[in-house]
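In what follows, a single structure is set out as structure tokens and then discussed.
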Amino acid sequence: MFNIATNTHQNWPKASDRITELMRCGAELGLELAASKLFIDALEGVNFQGNGKDDLHDDPVMQAKHRRAIRASIIHWLNAIIKSPEQAVTPYAVYESVDSTAEMYQAQAAEILQKNAHAIQDIAWQYWMKIVFQLTKDPLELQQLLELSSISMRTYSEASLKLWLERLELITADKKRGGIEEQRELVGKIISGGERDLTRASGLLNYSFKHTHHSAIVWSEEIDTEISALENVATVFQKACQQNHSLKVIASPSVIWVWASAEFSVNEKILETVLKKYTGIRISFGSGGNGIDGFRRAYLDAQAAQRVLGRLESNIQLVSYERVRLMAFLSKDAKSIQHYSEHVLGELAQAPTTVRQSLHAFLECGCNATEAAKKLHTHRNTLLRRLTKAEEMLPRPLAENRIQVAVALEALYWIL
């Protein structure tokens, strides 16, 4: 998965033993920083460019792949500097990330890879400067150290980008091969409204558009998940819809799209059971109306639900768009949501999960304690004690603030 190529010879600035030793010390500090949550969070916050409509930052699968790519690339550079600080670092390419970008954005992939390479280099340079200024206060040493660092990091980034683009050329050459790619492209055109001959498309896909639709996105953010496992879960989604036939599209090695007739509602208990076995796999689903518009709407709702989990960094395995419809609107700014929830809930925001869940269920059940107790599979008296405790923690009486409390609890459900 990770591939290293040999660098070409090039002119390299001479550096004194003192400067190379400072470089080595800086790289050792950098390795410690690269493992810290603060640094990883900062890299995750880079606005990876998508297709102009969506950010890669919203897609949890792409997030996971870019996290691995960023960290592996930076660690490679740091280790090389520790070994030979006076030499150019061999380029490094995490092909998993390149492949995913090519699969998702096709014609725009080269431009996106270039923009993202520059974004990664910029933030890596910011952190490297912080390290450098801890190593020496001597102006001349700083000048020489920054000069060598800049050349090393820039040439490494450019050479690595060249590897990425070479990989992209190979992918592009192979794009036309195989029915899976053709199927994915056809479905992509249908979703975007670019396919006009729907009768032909229906025949090629062996799937009728003339009914209501459920659609699901089955995906994994783990690098070692087998495609067969994703296919098994996709088949279970079909069974959860009580259908003998469905349309399954392998969108990438980490993602499968599924459509099935919405004659019956989705049996979430069946999905919850299978996901206990496949702990690294997740499902988002939506339900559209009739015909081709319903086909598109069901998928877009499933995608919107998936993006909510990505923005909120939620670890929930199963989510329907209906369940997160409100959060899809609110989650454009996850930090603001959390601040809002903490403001509305006061001490309750930090209370045990069982206390928050009790009030959440109570409000969802129309303030009916008996129904909430049934939903939570707990005794009614136990629920009432938890509700009393929850109300004591609220900064304002629940009766005066039910709607805001309900929204805040819903937000925390997905964030925490």
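Simple scheme: letters A, B, ... for chains in structure tokens order, numbers from 1 for residues in each chain, numbers from 1 for ligands in the order shown.
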Just the strand (DSSP E or B) stuff from region 178-415 of chain A, please, per backbone DSSP, written as a PyMOL selection string.
chain A and resi 212-220+247-252+255-261+281-290+318-320
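Excluding His66 (chain A) itself and any same-chain residue fewer than 4 positions from it, the protein and nucleic acid residues within 7 Å of it, counting only C-alpha atoms, are Met62, Ile70 and Ser97 of chain A.
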Can you pull out the residues contacting Glu103 (chain A)? Cut-off 8 Å, using only C-alpha atoms, and skip same-chain residues under 4 positions away; I want them as a VMD selection string.
chain A and resid 99 251 to 252
### Task
Mind the document's chain letters and residue numbers, and return as a PyMOL selection string the residues of region 163-272 of chain A that DSSP labels alpha helix (DSSP H).
chain A and resi 163-174+179-192+198-205+227-240+268-272
Discussion item. Residues within 12 Å of Arg167 (chain A), please, as JSON, numbers by chain. Count only C-alpha atoms; anything in the same chain fewer than 2 positions from it doesn't count.
Written reply: {"A": [3, 5, 92, 93, 94, 95, 96, 97, 98, 99, 100, 101, 102, 109, 110, 113, 160, 161, 162, 163, 164, 165, 169, 170, 171, 172, 173, 174]}
Put those residues in a file: N, CA and C atoms, as a PDB file, in the first residue's frame.
```pdb
ATOM      1  N   ASN A   3       4.355   3.042  -0.967  1.00  0.00           N
ATOM      2  CA  ASN A   3       5.424   2.801  -1.919  1.00  0.00           C
ATOM      3  C   ASN A   3       6.438   3.921  -1.863  1.00  0.00           C
ATOM      4  N   ALA A   5       9.901   5.544  -3.760  1.00  0.00           N
ATOM      5  CA  ALA A   5      10.696   5.536  -4.987  1.00  0.00           C
ATOM      6  C   ALA A   5      12.059   6.156  -4.714  1.00  0.00           C
ATOM      7  N   TYR A  92       7.807   9.807  -1.347  1.00  0.00           N
ATOM      8  CA  TYR A  92       6.969   8.793  -0.702  1.00  0.00           C
ATOM      9  C   TYR A  92       5.527   9.016  -1.127  1.00  0.00           C
ATOM     10  N   ALA A  93       4.857   7.937  -1.481  1.00  0.00           N
ATOM     11  CA  ALA A  93       3.462   8.061  -1.917  1.00  0.00           C
ATOM     12  C   ALA A  93       2.600   7.044  -1.198  1.00  0.00           C
ATOM     13  N   VAL A  94       1.528   7.503  -0.583  1.00  0.00           N
ATOM     14  CA  VAL A  94       0.530   6.621   0.008  1.00  0.00           C
ATOM     15  C   VAL A  94      -0.551   6.434  -1.052  1.00  0.00           C
ATOM     16  N   TYR A  95      -0.457   5.333  -1.767  1.00  0.00           N
ATOM     17  CA  TYR A  95      -1.305   5.149  -2.944  1.00  0.00           C
ATOM     18  C   TYR A  95      -2.781   5.002  -2.605  1.00  0.00           C
ATOM     19  N   GLU A  96      -3.085   4.582  -1.387  1.00  0.00           N
ATOM     20  CA  GLU A  96      -4.487   4.462  -0.984  1.00  0.00           C
ATOM     21  C   GLU A  96      -5.205   5.795  -1.134  1.00  0.00           C
ATOM     22  N   SER A  97      -4.561   6.869  -0.695  1.00  0.00           N
ATOM     23  CA  SER A  97      -5.163   8.194  -0.765  1.00  0.00           C
ATOM     24  C   SER A  97      -5.298   8.671  -2.209  1.00  0.00           C
ATOM     25  N   VAL A  98      -4.261   8.414  -3.026  1.00  0.00           N
ATOM     26  CA  VAL A  98      -4.304   8.799  -4.436  1.00  0.00           C
ATOM     27  C   VAL A  98      -5.432   8.058  -5.148  1.00  0.00           C
ATOM     28  N   ASP A  99      -5.522   6.749  -4.904  1.00  0.00           N
ATOM     29  CA  ASP A  99      -6.538   5.939  -5.569  1.00  0.00           C
ATOM     30  C   ASP A  99      -7.947   6.425  -5.233  1.00  0.00           C
ATOM     31  N   SER A 100      -8.172   6.750  -3.961  1.00  0.00           N
ATOM     32  CA  SER A 100      -9.503   7.197  -3.546  1.00  0.00           C
ATOM     33  C   SER A 100      -9.871   8.530  -4.178  1.00  0.00           C
ATOM     34  N   THR A 101      -8.902   9.451  -4.245  1.00  0.00           N
ATOM     35  CA  THR A 101      -9.161  10.743  -4.881  1.00  0.00           C
ATOM     36  C   THR A 101      -9.489  10.554  -6.361  1.00  0.00           C
ATOM     37  N   ALA A 102      -8.762   9.647  -7.022  1.00  0.00           N
ATOM     38  CA  ALA A 102      -9.015   9.376  -8.437  1.00  0.00           C
ATOM     39  C   ALA A 102     -10.396   8.783  -8.646  1.00  0.00           C
ATOM     40  N   ALA A 109      -8.940  15.025 -10.442  1.00  0.00           N
ATOM     41  CA  ALA A 109      -8.080  14.431  -9.414  1.00  0.00           C
ATOM     42  C   ALA A 109      -6.694  15.068  -9.368  1.00  0.00           C
ATOM     43  N   ALA A 110      -6.077  15.337 -10.537  1.00  0.00           N
ATOM     44  CA  ALA A 110      -4.721  15.898 -10.554  1.00  0.00           C
ATOM     45  C   ALA A 110      -4.689  17.271  -9.881  1.00  0.00           C
ATOM     46  N   LEU A 113      -5.129  16.817  -6.086  1.00  0.00           N
ATOM     47  CA  LEU A 113      -3.916  16.301  -5.449  1.00  0.00           C
ATOM     48  C   LEU A 113      -2.878  17.403  -5.272  1.00  0.00           C
ATOM     49  N   SER A 160       7.359  13.843  -4.251  1.00  0.00           N
ATOM     50  CA  SER A 160       6.273  12.954  -3.841  1.00  0.00           C
ATOM     51  C   SER A 160       5.031  13.210  -4.682  1.00  0.00           C
ATOM     52  N   LEU A 161       4.748  14.486  -4.952  1.00  0.00           N
ATOM     53  CA  LEU A 161       3.609  14.826  -5.803  1.00  0.00           C
ATOM     54  C   LEU A 161       3.778  14.224  -7.196  1.00  0.00           C
ATOM     55  N   LYS A 162       5.009  14.217  -7.691  1.00  0.00           N
ATOM     56  CA  LYS A 162       5.281  13.604  -8.994  1.00  0.00           C
ATOM     57  C   LYS A 162       4.919  12.123  -8.973  1.00  0.00           C
ATOM     58  N   LEU A 163       5.243  11.447  -7.868  1.00  0.00           N
ATOM     59  CA  LEU A 163       4.865  10.038  -7.727  1.00  0.00           C
ATOM     60  C   LEU A 163       3.350   9.881  -7.748  1.00  0.00           C
ATOM     61  N   TRP A 164       2.661  10.777  -7.034  1.00  0.00           N
ATOM     62  CA  TRP A 164       1.190  10.724  -6.991  1.00  0.00           C
ATOM     63  C   TRP A 164       0.615  10.852  -8.397  1.00  0.00           C
ATOM     64  N   LEU A 165       1.140  11.817  -9.152  1.00  0.00           N
ATOM     65  CA  LEU A 165       0.601  12.079 -10.478  1.00  0.00           C
ATOM     66  C   LEU A 165       0.913  10.934 -11.444  1.00  0.00           C
ATOM     67  N   GLU A 169      -1.835   8.684 -13.469  1.00  0.00           N
ATOM     68  CA  GLU A 169      -1.819   8.370 -14.901  1.00  0.00           C
ATOM     69  C   GLU A 169      -2.092   6.883 -15.128  1.00  0.00           C
ATOM     70  N   LEU A 170      -1.509   6.032 -14.279  1.00  0.00           N
ATOM     71  CA  LEU A 170      -1.758   4.595 -14.395  1.00  0.00           C
ATOM     72  C   LEU A 170      -3.225   4.265 -14.135  1.00  0.00           C
ATOM     73  N   ILE A 171      -3.798   4.929 -13.121  1.00  0.00           N
ATOM     74  CA  ILE A 171      -5.208   4.695 -12.795  1.00  0.00           C
ATOM     75  C   ILE A 171      -6.098   5.125 -13.957  1.00  0.00           C
ATOM     76  N   THR A 172      -5.793   6.293 -14.517  1.00  0.00           N
ATOM     77  CA  THR A 172      -6.589   6.810 -15.634  1.00  0.00           C
ATOM     78  C   THR A 172      -6.543   5.864 -16.824  1.00  0.00           C
ATOM     79  N   ALA A 173      -5.361   5.281 -17.066  1.00  0.00           N
ATOM     80  CA  ALA A 173      -5.212   4.357 -18.189  1.00  0.00           C
ATOM     81  C   ALA A 173      -6.056   3.101 -18.000  1.00  0.00           C
ATOM     82  N   ASP A 174      -6.266   2.719 -16.735  1.00  0.00           N
ATOM     83  CA  ASP A 174      -7.025   1.493 -16.441  1.00  0.00           C
ATOM     84  C   ASP A 174      -8.514   1.744 -16.193  1.00  0.00           C
TER      85      ASP A 174
END
```
Quiz item: So how far away is CA of Ile217 (chain A) from CA of Trp257 (chain A), in Å?
Solution: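 That distance, rounded to one decimal, is 4.8 Å.
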Just checking: using only C-alpha atoms, which residue out of A:Arg184, A:Arg386, A:Lys276, A:Lys269 ends up closest to Val255 (chain A)?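 Ranked by minimum distance to Val255 (chain A), first place goes to A:Arg184.
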Under the rule of at most 9 Å, produce a per-residue listing of region 63-114 of chain A near region 25-39 of chain A: chain, number, name, the closest pair of atoms, and the distance in Å, as a Markdown table, using only C-alpha atoms.
```
| residue | atom | partner | partner_atom | distance |
| --- | --- | --- | --- | --- |
| A:Arg71 | CA | A:Ala34 | CA | 7.0 |
| A:Ile74 | CA | A:Ala34 | CA | 7.8 |
| A:Ile75 | CA | A:Leu31 | CA | 6.6 |
| A:Trp77 | CA | A:Ala27 | CA | 8.5 |
| A:Leu78 | CA | A:Ala27 | CA | 5.0 |
| A:Asn79 | CA | A:Ala27 | CA | 7.2 |
| A:Ala80 | CA | A:Ala27 | CA | 8.8 |
| A:Ile81 | CA | A:Ala27 | CA | 6.3 |
| A:Ile82 | CA | A:Ala27 | CA | 5.9 |
| A:Pro85 | CA | A:Ala27 | CA | 8.9 |
```
Can those selected residues be exported to a file as a compact mmCIF listing (two decimals), in the first residue's frame so that it contains N, CA and C atoms?
```txt
# COMPACT_ATOMS: atom_id res chain seq x y z
N ARG A 71 0.09 11.45 7.94
CA ARG A 71 0.98 11.03 9.02
C ARG A 71 2.14 10.19 8.48
N ILE A 74 4.71 12.50 6.57
CA ILE A 74 5.52 13.35 7.45
C ILE A 74 6.52 12.52 8.25
N ILE A 75 6.08 11.38 8.74
CA ILE A 75 6.99 10.51 9.51
C ILE A 75 8.13 10.02 8.62
N TRP A 77 9.51 11.66 6.13
CA TRP A 77 10.47 12.76 6.00
C TRP A 77 11.29 12.93 7.28
N LEU A 78 10.62 12.87 8.42
CA LEU A 78 11.33 13.05 9.69
C LEU A 78 12.36 11.95 9.92
N ASN A 79 11.99 10.72 9.65
CA ASN A 79 12.94 9.61 9.83
C ASN A 79 14.14 9.75 8.91
N ALA A 80 13.89 10.20 7.67
CA ALA A 80 14.98 10.39 6.72
C ALA A 80 15.92 11.50 7.18
N ILE A 81 15.36 12.57 7.76
CA ILE A 81 16.19 13.68 8.27
C ILE A 81 17.04 13.21 9.45
N ILE A 82 16.47 12.40 10.31
CA ILE A 82 17.24 11.87 11.44
C ILE A 82 18.43 11.04 10.94
N PRO A 85 20.44 14.13 7.58
CA PRO A 85 19.85 15.46 7.46
C PRO A 85 20.42 16.30 6.32
```
Using only C-alpha atoms, determine which residues lie at most 10 Å from Gly188 (chain A), disregarding the query and same-chain residues fewer than 6 positions distant; provide the list as a tab-separated table (two decimals) with N, CA and C atoms, in the first residue's frame.
```tsv
chain	number	residue	atom	x	y	z
A	182	GLU	N	-17.68	0.84	-15.18
A	182	GLU	CA	-18.74	1.29	-16.07
A	182	GLU	C	-20.06	1.43	-15.30
A	194	GLY	N	-27.34	13.29	-15.48
A	194	GLY	CA	-26.69	13.34	-16.79
A	194	GLY	C	-27.05	12.19	-17.71
A	195	GLU	N	-27.76	11.18	-17.21
A	195	GLU	CA	-28.15	10.03	-18.04
A	195	GLU	C	-29.58	10.22	-18.52
A	251	ALA	N	-18.48	1.43	-5.26
A	251	ALA	CA	-18.03	2.78	-5.58
A	251	ALA	C	-16.52	2.91	-5.43
A	296	ARG	N	-32.69	9.09	-6.90
A	296	ARG	CA	-31.66	10.09	-6.60
A	296	ARG	C	-31.79	10.60	-5.17
```
Restricting to only C-alpha atoms, whichever of A:Arg323, A:Arg385, A:Arg282, A:Arg24 is closest to Leu145 (chain A) is A:Arg24
Residue with the minimum atom-to-atom distance to Val266 (chain A), picked from A:Arg307, A:Ser320, A:Ile180, A:Leu300 with only C-alpha atoms counted, is A:Ser320
CA of Ser265 (chain A) sits from CA of Gln242 (chain A) at a separation of 8.4 Å
Between A:Ser202, A:Gln108, A:Ser261, A:Thr155, which is the closest to Gln121 (chain A) once you count only C-alpha atoms?
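Closest to Gln121 (chain A), using only C-alpha atoms: A:Thr155.
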Of A:Leu22, A:Cys241, A:Ala262, A:Ala372, the one nearest to Lys210 (chain A) when counting only C-alpha atoms is A:Ala262
